[in-house]
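structure-v9.tsv (TSV, C-alpha atoms) appears below.
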```
chain	number	residue	atom	x	y	z
A	1385	MET	CA	-2.57	19.87	19.11
A	1386	ILE	CA	-2.78	16.10	19.51
A	1387	GLY	CA	0.00	14.07	17.90
A	1388	ILE	CA	2.32	11.10	18.30
A	1389	ARG	CA	4.47	11.02	21.44
A	1390	ALA	CA	6.08	7.59	20.98
A	1391	ILE	CA	5.70	4.17	19.37
A	1392	GLY	CA	6.44	0.77	20.90
A	1393	SER	CA	6.38	-2.61	19.19
A	1394	TYR	CA	6.44	-6.32	19.77
A	1395	LEU	CA	7.56	-9.22	17.54
A	1396	PRO	CA	7.00	-12.83	18.65
A	1397	GLU	CA	10.28	-14.70	19.22
A	1398	ASN	CA	8.90	-17.69	17.33
A	1399	LYS	CA	10.01	-17.25	13.68
A	1400	ILE	CA	9.43	-19.15	10.45
A	1401	ASN	CA	12.51	-19.46	8.20
A	1402	ASN	CA	11.01	-18.08	5.01
A	1403	VAL	CA	13.86	-19.18	2.76
A	1404	GLU	CA	13.37	-22.79	3.80
A	1405	GLN	CA	9.62	-22.44	3.53
A	1406	ALA	CA	9.96	-21.06	-0.01
A	1407	ARG	CA	12.16	-23.95	-1.12
A	1408	GLN	CA	9.30	-26.32	-0.32
A	1409	PHE	CA	7.28	-24.48	-2.96
A	1410	GLY	CA	10.14	-24.50	-5.48
A	1411	GLU	CA	10.80	-20.77	-5.07
A	1412	SER	CA	14.38	-19.53	-5.27
A	1413	ASP	CA	16.25	-17.88	-2.41
A	1414	ASP	CA	16.57	-14.80	-4.64
A	1415	PHE	CA	12.79	-14.60	-5.03
A	1416	ILE	CA	12.41	-14.49	-1.25
A	1417	SER	CA	15.22	-12.04	-0.55
A	1418	THR	CA	14.61	-9.56	-3.38
A	1419	LYS	CA	10.94	-9.90	-4.38
A	1420	ILE	CA	9.10	-10.89	-1.21
A	1421	GLY	CA	11.79	-9.33	0.97
A	1422	ALA	CA	11.09	-11.33	4.14
A	1423	LEU	CA	13.76	-13.79	5.26
A	1424	GLN	CA	11.86	-14.71	8.40
A	1425	LEU	CA	8.28	-14.41	9.54
A	1426	PRO	CA	7.43	-13.90	13.22
A	1427	CYS	CA	4.59	-16.15	14.27
A	1428	MET	CA	2.44	-15.89	17.39
A	1429	PRO	CA	3.06	-19.08	19.43
A	1430	ASP	CA	0.30	-21.40	20.59
A	1431	GLY	CA	-1.30	-20.11	23.75
A	1432	MET	CA	-0.67	-16.47	22.91
A	1433	GLU	CA	-3.53	-14.21	21.87
A	1434	THR	CA	-3.86	-10.97	19.90
A	1435	SER	CA	-4.35	-9.04	23.15
A	1436	ASP	CA	-1.10	-10.47	24.56
A	1437	MET	CA	0.86	-9.05	21.63
A	1438	ALA	CA	-0.94	-5.72	22.10
A	1439	VAL	CA	-0.10	-5.63	25.82
A	1440	ALA	CA	3.56	-6.44	25.07
A	1441	ALA	CA	3.77	-3.47	22.67
A	1442	VAL	CA	2.19	-1.13	25.23
A	1443	LYS	CA	4.68	-2.27	27.89
A	1444	VAL	CA	7.50	-0.98	25.66
A	1445	LEU	CA	5.92	2.47	25.90
A	1446	VAL	CA	5.86	2.14	29.68
A	1447	GLN	CA	9.46	0.92	29.94
A	1448	ASP	CA	11.15	3.05	27.30
A	1449	HIS	CA	8.99	6.17	27.06
A	1450	ASP	CA	7.65	6.70	30.59
A	1451	LEU	CA	4.02	6.16	29.72
A	1452	ASP	CA	1.98	6.24	32.93
A	1453	LEU	CA	-0.82	3.72	32.43
A	1454	GLU	CA	-2.95	5.53	34.98
A	1455	THR	CA	-3.26	8.45	32.56
A	1456	VAL	CA	-4.55	6.39	29.62
A	1457	ASP	CA	-8.16	7.18	28.79
A	1458	ALA	CA	-8.61	5.45	25.41
A	1459	VAL	CA	-7.48	2.15	23.87
A	1460	VAL	CA	-8.17	1.46	20.19
A	1461	VAL	CA	-7.04	-1.81	18.60
A	1462	VAL	CA	-6.79	-2.07	14.83
A	1463	THR	CA	-7.46	-5.72	14.09
A	1464	GLN	CA	-9.55	-8.16	12.07
A	1465	ASN	CA	-8.16	-11.13	13.98
A	1466	GLY	CA	-8.95	-10.30	17.56
A	1467	ASP	CA	-9.02	-12.61	20.54
A	1468	GLY	CA	-11.19	-15.71	20.24
A	1469	SER	CA	-13.89	-15.15	17.67
A	1470	GLY	CA	-13.78	-11.37	17.90
A	1471	LEU	CA	-16.51	-10.93	20.50
A	1472	PRO	CA	-15.90	-9.23	22.87
A	1473	HIS	CA	-13.71	-6.62	21.25
A	1474	THR	CA	-10.00	-7.09	21.88
A	1475	ALA	CA	-9.58	-3.51	23.13
A	1476	ALA	CA	-11.71	-4.37	26.19
A	1477	ILE	CA	-9.49	-7.39	26.89
A	1478	VAL	CA	-6.39	-5.21	26.54
A	1479	GLN	CA	-7.87	-2.68	28.97
A	1480	ASP	CA	-8.31	-5.44	31.52
A	1481	LYS	CA	-4.90	-7.06	31.00
A	1482	LEU	CA	-3.20	-3.67	31.39
A	1483	ASP	CA	-5.32	-3.10	34.50
A	1484	LEU	CA	-6.23	0.36	33.30
A	1485	LYS	CA	-8.21	2.13	36.00
A	1486	GLY	CA	-10.68	4.91	35.74
A	1487	ARG	CA	-12.73	5.96	32.75
A	1488	VAL	CA	-11.35	4.27	29.62
A	1489	ALA	CA	-12.85	4.25	26.13
A	1490	ALA	CA	-12.01	1.04	24.28
A	1491	PHE	CA	-12.98	-0.31	20.88
A	1492	ASP	CA	-11.62	-2.20	17.88
A	1493	LEU	CA	-11.21	-0.75	14.42
A	1494	SER	CA	-11.90	-3.29	11.69
A	1495	LEU	CA	-9.42	-2.42	8.97
A	1496	GLY	CA	-6.40	-4.16	7.45
A	1497	CYS	CA	-3.33	-2.52	5.99
A	1498	SER	CA	-4.84	0.97	5.78
A	1499	GLY	CA	-5.79	0.76	9.46
A	1500	TYR	CA	-2.93	2.72	11.01
A	1501	VAL	CA	-3.46	5.80	8.84
A	1502	TYR	CA	-7.20	5.63	9.50
A	1503	GLY	CA	-6.65	4.95	13.19
A	1504	LEU	CA	-4.57	8.04	13.83
A	1505	SER	CA	-7.37	10.29	12.60
A	1506	VAL	CA	-10.14	8.28	14.31
A	1507	VAL	CA	-8.35	8.44	17.66
A	1508	LYS	CA	-7.42	12.10	17.32
A	1509	GLY	CA	-11.02	12.98	16.43
A	1510	LEU	CA	-12.32	11.02	19.42
A	1511	MET	CA	-9.83	12.67	21.77
A	1512	GLU	CA	-10.74	16.15	20.60
A	1513	GLN	CA	-14.47	15.51	20.77
A	1514	ALA	CA	-14.43	13.75	24.13
A	1515	GLY	CA	-11.66	15.80	25.71
A	1516	LEU	CA	-9.30	12.84	26.21
A	1517	LYS	CA	-5.65	13.38	27.10
A	1518	ASN	CA	-3.78	10.14	26.45
A	1519	ALA	CA	-4.78	7.43	24.01
A	1520	LEU	CA	-3.20	4.23	22.74
A	1521	LEU	CA	-3.60	3.27	19.09
A	1522	ILE	CA	-2.64	-0.39	18.90
A	1523	THR	CA	-2.15	-2.49	15.78
A	1524	ALA	CA	-2.27	-6.26	16.28
A	1525	ASP	CA	-3.59	-8.40	13.46
A	1526	PRO	CA	-2.01	-11.89	13.55
A	1527	TYR	CA	-2.66	-13.42	10.14
A	1528	SER	CA	-1.08	-16.67	11.40
A	1529	LYS	CA	-4.60	-17.39	12.68
A	1530	ILE	CA	-6.01	-17.50	9.15
A	1531	ILE	CA	-3.11	-18.64	6.94
A	1532	ASP	CA	-3.10	-22.05	5.29
A	1533	ARG	CA	0.57	-23.05	5.36
A	1534	LYS	CA	0.00	-24.98	2.13
A	1535	ASP	CA	-1.01	-21.79	0.28
A	1536	ARG	CA	2.13	-20.48	-1.41
A	1537	ILE	CA	0.62	-17.06	-2.09
A	1538	THR	CA	-0.07	-16.12	1.53
A	1539	THR	CA	2.23	-18.25	3.66
A	1540	LEU	CA	5.41	-16.63	2.28
A	1541	LEU	CA	4.18	-13.11	2.91
A	1542	PHE	CA	2.64	-12.40	6.29
A	1543	GLY	CA	4.19	-12.09	9.75
A	1544	ASP	CA	2.73	-11.35	13.17
A	1545	ALA	CA	3.53	-8.15	15.07
A	1546	ALA	CA	1.96	-5.53	17.28
A	1547	THR	CA	2.63	-1.83	17.76
A	1548	ALA	CA	1.34	0.74	20.21
A	1549	THR	CA	1.28	4.47	19.43
A	1550	TRP	CA	0.86	6.96	22.27
A	1551	LEU	CA	-1.20	9.98	21.23
A	1552	THR	CA	-1.24	13.09	23.39
A	1553	GLU	CA	-0.97	16.87	23.14
A	1554	GLU	CA	2.59	16.76	24.49
A	1555	SER	CA	3.96	15.39	21.26
A	1556	GLU	CA	6.50	16.29	18.61
A	1557	TRP	CA	4.89	14.64	15.58
A	1558	LYS	CA	1.58	16.01	14.33
A	1559	PHE	CA	-0.41	14.82	11.34
A	1560	GLY	CA	-2.63	16.43	8.76
A	1561	LYS	CA	-5.94	15.53	7.17
A	1562	PRO	CA	-5.90	12.07	5.59
A	1563	LEU	CA	-7.01	11.09	2.12
A	1564	LEU	CA	-9.15	7.94	2.41
A	1565	ASP	CA	-10.41	5.76	-0.44
A	1566	THR	CA	-12.39	2.54	-0.75
A	1567	ASP	CA	-13.24	0.18	-3.61
A	1568	GLY	CA	-15.44	-2.59	-2.24
A	1569	SER	CA	-15.81	-4.08	-5.73
A	1570	GLY	CA	-12.32	-5.51	-5.21
A	1571	ALA	CA	-13.08	-7.02	-1.80
A	1572	SER	CA	-12.98	-10.60	-3.08
A	1573	ASN	CA	-9.29	-10.21	-3.96
A	1574	LEU	CA	-8.34	-10.37	-0.28
A	1575	LEU	CA	-10.74	-12.07	2.06
A	1576	VAL	CA	-11.33	-14.87	4.56
A	1577	ASN	CA	-13.37	-17.90	3.50
A	1578	ASP	CA	-13.99	-20.74	5.97
A	1579	LYS	CA	-11.54	-19.14	8.41
A	1580	THR	CA	-8.76	-19.17	5.78
A	1581	LEU	CA	-7.18	-16.19	4.05
A	1582	SER	CA	-7.41	-16.09	0.28
A	1583	MET	CA	-5.59	-13.56	-1.89
A	1584	ASN	CA	-5.51	-12.80	-5.59
A	1585	GLY	CA	-1.93	-11.58	-5.56
A	1586	ARG	CA	-2.00	-10.17	-9.05
A	1587	GLN	CA	-5.13	-8.08	-8.51
A	1588	VAL	CA	-3.93	-6.76	-5.15
A	1589	PHE	CA	-0.57	-5.85	-6.72
A	1590	ASN	CA	-2.32	-4.18	-9.64
A	1591	PHE	CA	-4.59	-2.21	-7.31
A	1592	ALA	CA	-1.73	-0.99	-5.12
A	1593	SER	CA	0.62	-0.06	-7.96
A	1594	LYS	CA	-2.08	1.98	-9.70
A	1595	LYS	CA	-4.18	3.53	-6.93
A	1596	VAL	CA	-1.58	4.34	-4.28
A	1597	PRO	CA	0.68	6.55	-6.46
A	1598	LYS	CA	-2.38	8.52	-7.55
A	1599	GLN	CA	-3.52	9.04	-3.97
A	1600	ILE	CA	-0.03	10.16	-2.93
A	1601	ARG	CA	0.08	12.65	-5.82
A	1602	ASP	CA	-3.40	13.91	-4.92
A	1603	TYR	CA	-2.34	14.31	-1.29
A	1604	LEU	CA	0.76	16.30	-2.20
A	1605	GLU	CA	-1.19	18.49	-4.58
A	1606	SER	CA	-4.02	19.19	-2.14
A	1607	ASN	CA	-1.47	20.21	0.49
A	1608	ASN	CA	0.62	22.33	-1.91
A	1609	LEU	CA	3.62	20.08	-1.41
A	1610	GLN	CA	6.31	19.01	-3.86
A	1611	MET	CA	7.56	15.41	-3.84
A	1612	THR	CA	10.91	16.71	-2.62
A	1613	ASP	CA	9.30	18.39	0.40
A	1614	ILE	CA	8.86	14.92	1.93
A	1615	ASP	CA	11.93	13.50	3.70
A	1616	ILE	CA	10.71	9.92	4.04
A	1617	TYR	CA	7.97	7.96	2.26
A	1618	CYS	CA	6.78	5.21	4.59
A	1619	LEU	CA	4.46	2.85	2.73
A	1620	HIS	CA	2.69	-0.21	4.04
A	1621	GLN	CA	5.24	-2.98	3.53
A	1622	GLY	CA	3.09	-5.35	1.46
A	1623	SER	CA	6.21	-6.91	-0.07
A	1624	ALA	CA	9.56	-5.61	-1.30
A	1625	SER	CA	8.19	-5.73	-4.85
A	1626	ILE	CA	5.13	-3.61	-4.24
A	1627	VAL	CA	7.15	-0.94	-2.42
A	1628	ASP	CA	9.60	-0.93	-5.35
A	1629	ALA	CA	6.75	-0.76	-7.88
A	1630	ILE	CA	5.23	2.29	-6.17
A	1631	ALA	CA	8.59	3.98	-5.51
A	1632	LYS	CA	9.66	3.77	-9.15
A	1633	ARG	CA	6.62	5.85	-10.07
A	1634	PHE	CA	8.29	8.71	-8.18
A	1635	PRO	CA	11.73	8.64	-9.83
A	1636	GLU	CA	12.90	11.98	-8.40
A	1637	VAL	CA	12.52	10.73	-4.83
A	1638	SER	CA	12.47	6.93	-5.12
A	1639	ASP	CA	15.44	6.68	-2.75
A	1640	ARG	CA	13.32	8.26	-0.02
A	1641	PHE	CA	10.93	5.28	0.05
A	1642	ILE	CA	11.93	3.02	2.91
A	1643	SER	CA	11.65	-0.73	2.46
A	1644	ASP	CA	12.39	-3.29	5.15
A	1645	ILE	CA	10.45	-6.44	5.92
A	1646	ARG	CA	13.45	-8.78	6.20
A	1647	ASN	CA	12.69	-9.81	9.76
A	1648	THR	CA	8.96	-9.15	9.91
A	1649	GLY	CA	7.17	-9.99	6.67
A	1650	ASN	CA	3.99	-8.08	5.89
A	1651	THR	CA	2.57	-7.26	9.31
A	1652	ILE	CA	-0.69	-5.68	8.06
A	1653	SER	CA	-1.54	-2.49	10.00
A	1654	SER	CA	1.66	-2.78	12.05
A	1655	SER	CA	4.05	-2.33	9.13
A	1656	ILE	CA	3.91	1.49	8.99
A	1657	PRO	CA	4.28	2.20	12.75
A	1658	PHE	CA	6.96	-0.50	12.99
A	1659	LEU	CA	9.13	1.45	10.54
A	1660	LEU	CA	8.13	4.84	11.96
A	1661	GLN	CA	9.73	3.89	15.29
A	1662	ASN	CA	13.16	4.24	13.70
A	1663	VAL	CA	12.31	7.25	11.55
A	1664	LEU	CA	10.73	9.66	13.98
A	1665	ASN	CA	13.83	9.99	16.18
A	1666	LYS	CA	16.07	11.12	13.33
A	1667	ASP	CA	16.88	14.80	13.71
A	1668	ASN	CA	17.07	15.49	9.97
A	1669	VAL	CA	13.56	14.18	9.29
A	1670	GLN	CA	10.80	16.78	9.32
A	1671	LYS	CA	8.07	15.36	7.09
A	1672	VAL	CA	7.05	11.74	6.64
A	1673	LEU	CA	4.38	10.67	4.20
A	1674	MET	CA	2.66	7.39	5.03
A	1675	SER	CA	0.31	5.34	2.90
A	1676	GLY	CA	-1.50	2.13	3.81
A	1677	PHE	CA	-3.36	-0.12	1.36
A	1678	GLY	CA	-5.01	-3.52	1.31
A	1679	VAL	CA	-8.12	-5.31	2.57
A	1680	GLY	CA	-11.34	-3.68	1.41
A	1681	LEU	CA	-9.94	-2.65	-0.91
A	1682	SER	CA	-8.98	0.35	1.15
A	1683	TRP	CA	-6.15	2.87	0.89
A	1684	ALA	CA	-5.20	5.85	3.02
A	1685	THR	CA	-2.50	8.52	2.95
A	1686	ASN	CA	-1.44	11.17	5.45
A	1687	MET	CA	1.66	13.10	6.47
A	1688	LEU	CA	3.45	13.37	9.80
A	1689	TYR	CA	5.35	16.59	10.46
A	1690	ARG	CA	7.61	17.60	13.29
A	1691	GLU	CA	6.59	20.42	15.61
A	1692	GLU	CA	8.58	21.28	18.70
A	1693	ARG	CA	6.92	20.15	21.92
A	1694	ASN	CA	5.84	23.15	23.97
A	1695	ASP	CA	6.24	21.26	27.27
A	1696	LYS	CA	10.02	20.75	26.84
B	222	MET	CA	1.01	-0.28	-33.34
B	223	ILE	CA	2.06	-3.11	-31.07
B	224	ASN	CA	5.21	-4.93	-32.06
B	225	ASN	CA	7.75	-7.00	-30.18
B	226	GLU	CA	10.16	-4.06	-29.91
B	227	LYS	CA	7.54	-2.00	-28.13
B	228	LEU	CA	6.73	-4.89	-25.80
B	229	ILE	CA	10.40	-5.41	-24.99
B	230	ASP	CA	10.65	-1.72	-24.07
B	231	ILE	CA	7.63	-2.10	-21.78
B	232	LEU	CA	9.11	-5.22	-20.22
B	233	VAL	CA	12.43	-3.48	-19.53
B	234	LYS	CA	10.65	-0.44	-18.11
B	235	SER	CA	8.67	-2.69	-15.77
B	236	GLY	CA	11.96	-3.37	-13.98
B	237	VAL	CA	12.84	-6.96	-14.84
B	238	ASP	CA	16.40	-8.10	-14.17
B	239	VAL	CA	17.11	-9.17	-17.77
B	240	GLU	CA	19.29	-7.36	-20.33
B	241	LYS	CA	17.35	-6.04	-23.32
B	242	GLU	CA	19.51	-7.98	-25.79
B	243	ASN	CA	18.73	-11.22	-23.97
B	244	ILE	CA	14.97	-10.86	-24.42
B	245	HIS	CA	13.51	-12.92	-27.26
B	246	ALA	CA	9.86	-12.89	-28.27
B	247	GLU	CA	9.49	-16.64	-28.64
B	248	GLN	CA	11.32	-17.50	-25.40
B	249	SER	CA	9.09	-18.37	-22.47
B	250	PHE	CA	8.99	-15.94	-19.55
B	251	GLU	CA	10.03	-18.78	-17.27
B	252	ASP	CA	13.13	-19.50	-19.37
B	253	MET	CA	13.96	-15.80	-19.21
B	254	GLY	CA	14.03	-16.20	-15.43
B	255	LEU	CA	10.96	-14.09	-14.79
B	256	ASP	CA	8.84	-14.85	-11.73
B	257	SER	CA	5.23	-14.13	-10.87
B	258	LEU	CA	6.01	-10.68	-9.44
B	259	ASP	CA	7.94	-9.74	-12.60
B	260	MET	CA	4.83	-10.65	-14.56
B	261	PHE	CA	2.60	-8.55	-12.27
B	262	ASN	CA	4.87	-5.56	-12.96
B	263	PHE	CA	4.93	-6.23	-16.70
B	264	PHE	CA	1.16	-6.48	-17.07
B	265	THR	CA	0.61	-3.42	-14.89
B	266	GLU	CA	2.99	-1.53	-17.17
B	267	ILE	CA	1.03	-2.72	-20.22
B	268	ASP	CA	-2.15	-1.51	-18.59
B	269	GLU	CA	-0.66	1.92	-17.90
B	270	GLN	CA	1.05	2.39	-21.26
B	271	LEU	CA	-1.49	0.81	-23.61
B	272	GLY	CA	-4.70	1.05	-21.59
B	273	VAL	CA	-5.37	-2.69	-21.84
B	274	GLU	CA	-6.35	-4.42	-18.61
B	275	ILE	CA	-5.77	-8.15	-18.98
B	276	PRO	CA	-8.21	-10.37	-17.04
B	277	ASP	CA	-6.84	-13.15	-14.81
B	278	ASP	CA	-8.07	-15.93	-17.13
B	279	ASP	CA	-6.27	-14.45	-20.13
B	280	PHE	CA	-3.16	-13.61	-18.10
B	281	GLU	CA	-2.68	-17.27	-17.19
B	282	GLY	CA	-2.52	-18.34	-20.84
B	283	MET	CA	0.32	-16.08	-22.01
B	284	ASN	CA	3.78	-17.56	-21.74
B	285	ASN	CA	5.95	-15.43	-24.03
B	286	LEU	CA	6.06	-12.01	-25.70
B	287	ASP	CA	4.67	-13.32	-29.00
B	288	GLU	CA	1.55	-14.55	-27.23
B	289	VAL	CA	1.17	-11.23	-25.41
B	290	ARG	CA	1.55	-9.32	-28.69
B	291	LEU	CA	-1.08	-11.42	-30.46
B	292	TYR	CA	-3.46	-10.95	-27.55
B	293	LEU	CA	-2.96	-7.18	-27.47
B	294	VAL	CA	-3.37	-6.88	-31.24
B	295	SER	CA	-6.68	-8.73	-31.01
B	296	LYS	CA	-7.87	-6.41	-28.24
B	297	LEU	CA	-6.68	-3.15	-29.74
B	298	ASP	CA	-7.83	-3.95	-33.27
B	299	GLY	CA	-11.10	-5.48	-32.14
```

Let's see the structure in the file written out as structure tokens.
Amino acid sequence: MIGIRAIGSYLPENKINNVEQARQFGESDDFISTKIGALQLPCMPDGMETSDMAVAAVKVLVQDHDLDLETVDAVVVVTQNGDGSGLPHTAAIVQDKLDLKGRVAAFDLSLGCSGYVYGLSVVKGLMEQAGLKNALLITADPYSKIIDRKDRITTLLFGDAATATWLTEESEWKFGKPLLDTDGSGASNLLVNDKTLSMNGRQVFNFASKKVPKQIRDYLESNNLQMTDIDIYCLHQGSASIVDAIAKRFPEVSDRFISDIRNTGNTISSSIPFLLQNVLNKDNVQKVLMSGFGVGLSWATNMLYREERNDK
Amino acid sequence: MINNEKLIDILVKSGVDVEKENIHAEQSFEDMGLDSLDMFNFFTEIDEQLGVEIPDDDFEGMNNLDEVRLYLVSKLDG
């Protein structure tokens, strides 16, 4: 069965000091460290493009996990801020920059913070239907392209990052059927107008703290799982506060919700795989529930579970 | 029935970093040291416990627990 073999990631070296940035808006250091949770925000430097971040993440798979680029037959990039103006699709540019030979499927997936959970199932379905062996699911959505640094609501929150997930049959981590939800009536709460991101923070917070716990409960119930069957809950890292708000709705297991955006900020679709990198190699972890939520409004939940590789 | 005691319980349950005995109905949220994210949590908790969803325009105008109580009474009794 197709699953996750490895995850690589890339953070730009260029970082915004978020504590200093917050002081300019009259926000306290405590607000940044405990509520937002991000002390610094990586920011794609001038001259770098979305595809460059994607390529850098894939190269980690090559260097650290022995990915042979000649075997890659699909590249999918989750982004809503692709190279240039988004045409052509960034996945085609990544295919070229990686110099992938042979027959390669490549396309972008236009989703925000739910994109990784969606992407895993989209790529797996494609691989099964088309008989593909090795695919790369890349997340690279640099919001620095659309943030107004004078907007307190967005500029303190988002950071740039990219991740690359290698999907293949020779993998230890499999995943189940996702639960996927959409409420387009809330789309105006998080959107781009005149090339600038606008967010109604209260409505997005309200949406996430109400809808995500319900979807997680529905997922557990539909899979006959108890909350305590899950070792790690890996939510999209919208902010420290939203992770806390969701976790406290599961008091029996709230300590199993991981929260860490200190050095990244909210990296959109990259936040879940960025944390998974450090979770999936822990021997005592067997089941990881992940849930992404945001732009759309869109929210998606699925579970990763460990299964011994049969090629070992 | 909505009273200040009930609202203080909801505020504490929403996870604010203020001791219950230091919460006063006429004191502004800002003076209590609450920030915007504390308020998001508080109003979400009100929504879940009392079933009252407070629109953005109304949310902006409430600065202390007394004002929230009066608003909720008008909604629940109306």

Closest of B:Leu228, B:Leu255, B:Val233, B:Ile223 to chain A - atom-to-atom distances counting all atoms listed in the file:
B:Leu255

Near chain A, which residues of chain B fall within 8 Å when you count only C-alpha atoms, and what do they look like as a list of chain:residue names?
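Per the criterion, chain B yields B:Asp256, B:Leu258, B:Phe261, B:Asn262, B:Thr265.
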
Listed atoms of region 226-238 of chain B boxed axis-aligned with 8 Å per side, centre + edges as AutoDock Vina command-line options:
```
--center_x 11.6 --center_y -4.3 --center_z -21.9 --size_x 25.7 --size_y 23.7 --size_z 31.9
```

For CA of Val1576 (chain A) and CA of Ala1475 (chain A), determine how far apart the two atoms are, in Å to one decimal place.
21.8 Å

Enter the distance from CA of Leu1493 (chain A) to CA of Val1506 (chain A), in Å, rounded to one decimal.
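Interatomic distance, CA of Leu1493 (chain A) to CA of Val1506 (chain A): 9.1 Å.
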
Give me the residues of region 249-282 of chain B that have any atom at most 12 Å from an atom of region 234-242 of chain B; for each, the nearest atom pair and the distance in Å, rounded to one decimal. Use only C-alpha atoms, sort by chain and number, and format it as JSON lines.
```
{"residue": "B:Phe250", "atom": "CA", "partner": "B:Val239", "partner_atom": "CA", "distance": 10.7}
{"residue": "B:Glu251", "atom": "CA", "partner": "B:Val239", "partner_atom": "CA", "distance": 11.9}
{"residue": "B:Asp252", "atom": "CA", "partner": "B:Val239", "partner_atom": "CA", "distance": 11.2}
{"residue": "B:Met253", "atom": "CA", "partner": "B:Val239", "partner_atom": "CA", "distance": 7.5}
{"residue": "B:Gly254", "atom": "CA", "partner": "B:Val239", "partner_atom": "CA", "distance": 8.0}
{"residue": "B:Leu255", "atom": "CA", "partner": "B:Val237", "partner_atom": "CA", "distance": 7.4}
{"residue": "B:Asp256", "atom": "CA", "partner": "B:Val237", "partner_atom": "CA", "distance": 9.4}
{"residue": "B:Ser257", "atom": "CA", "partner": "B:Val237", "partner_atom": "CA", "distance": 11.2}
{"residue": "B:Leu258", "atom": "CA", "partner": "B:Val237", "partner_atom": "CA", "distance": 9.5}
{"residue": "B:Asp259", "atom": "CA", "partner": "B:Val237", "partner_atom": "CA", "distance": 6.1}
{"residue": "B:Met260", "atom": "CA", "partner": "B:Val237", "partner_atom": "CA", "distance": 8.8}
{"residue": "B:Phe261", "atom": "CA", "partner": "B:Ser235", "partner_atom": "CA", "distance": 9.1}
{"residue": "B:Asn262", "atom": "CA", "partner": "B:Ser235", "partner_atom": "CA", "distance": 5.5}
{"residue": "B:Phe263", "atom": "CA", "partner": "B:Ser235", "partner_atom": "CA", "distance": 5.2}
{"residue": "B:Phe264", "atom": "CA", "partner": "B:Ser235", "partner_atom": "CA", "distance": 8.5}
{"residue": "B:Thr265", "atom": "CA", "partner": "B:Ser235", "partner_atom": "CA", "distance": 8.1}
{"residue": "B:Glu266", "atom": "CA", "partner": "B:Ser235", "partner_atom": "CA", "distance": 6.0}
{"residue": "B:Ile267", "atom": "CA", "partner": "B:Ser235", "partner_atom": "CA", "distance": 8.8}
{"residue": "B:Asp268", "atom": "CA", "partner": "B:Ser235", "partner_atom": "CA", "distance": 11.2}
{"residue": "B:Glu269", "atom": "CA", "partner": "B:Ser235", "partner_atom": "CA", "distance": 10.6}
{"residue": "B:Gln270", "atom": "CA", "partner": "B:Lys234", "partner_atom": "CA", "distance": 10.5}
```

Could you state the separation of CA of Gly1649 (chain A) and CA of Met1687 (chain A) in Å, given to one decimal place?
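CA of Met1687 (chain A) lies 23.7 Å from CA of Gly1649 (chain A).
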
Here is a test: counting all atoms listed in the file, which residue of A:Asn1573, A:Pro1562, A:Glu1454, A:Tyr1502 is nearest to Asp277 (chain B)?
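Smallest separation from Asp277 (chain B) among the options: A:Asn1573.
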
Residues within 10 Å of Lys1595 (chain A), please, as a short mmCIF file (atom, residue, chain, number, x, y, z; two decimals) with C-alpha atoms, in the frame of the given file. Count all atoms listed in the file; anything in the same chain fewer than 2 positions from it doesn't count.
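The result, stored in around24.cif:
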```cif
data_model
loop_
_atom_site.label_atom_id
_atom_site.label_comp_id
_atom_site.auth_asym_id
_atom_site.auth_seq_id
_atom_site.Cartn_x
_atom_site.Cartn_y
_atom_site.Cartn_z
CA ASP A 1565 -10.41 5.76 -0.44
CA ASN A 1590 -2.32 -4.18 -9.64
CA PHE A 1591 -4.59 -2.21 -7.31
CA ALA A 1592 -1.73 -0.99 -5.12
CA SER A 1593 0.62 -0.06 -7.96
CA PRO A 1597 0.68 6.55 -6.46
CA LYS A 1598 -2.38 8.52 -7.55
CA GLN A 1599 -3.52 9.04 -3.97
CA ILE A 1600 -0.03 10.16 -2.93
CA ILE A 1630 5.23 2.29 -6.17
CA PHE A 1677 -3.36 -0.12 1.36
CA SER A 1682 -8.98 0.35 1.15
CA TRP A 1683 -6.15 2.87 0.89
#
```

Which polymer residues, whether protein, DNA or RNA, lie within 10 Å of the coordinate (-8.6, 1.2, 32.2) when you count all atoms listed in the file? List them as a list of chain:residue names, using the chain letters and numbers from the file.
A:Leu1453, A:Glu1454, A:Thr1455, A:Val1456, A:Asp1457, A:Ala1458, A:Val1459, A:Ala1476, A:Val1478, A:Gln1479, A:Asp1480, A:Lys1481, A:Leu1482, A:Asp1483, A:Leu1484, A:Lys1485, A:Gly1486, A:Arg1487, A:Val1488, A:Ala1489, A:Ala1490

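Checking A:Thr1539, A:Asn1518, A:Asn1577, A:Thr1547 one by one against Asp1436 (chain A), counting only C-alpha atoms, you find the shortest gap at A:Thr1547.
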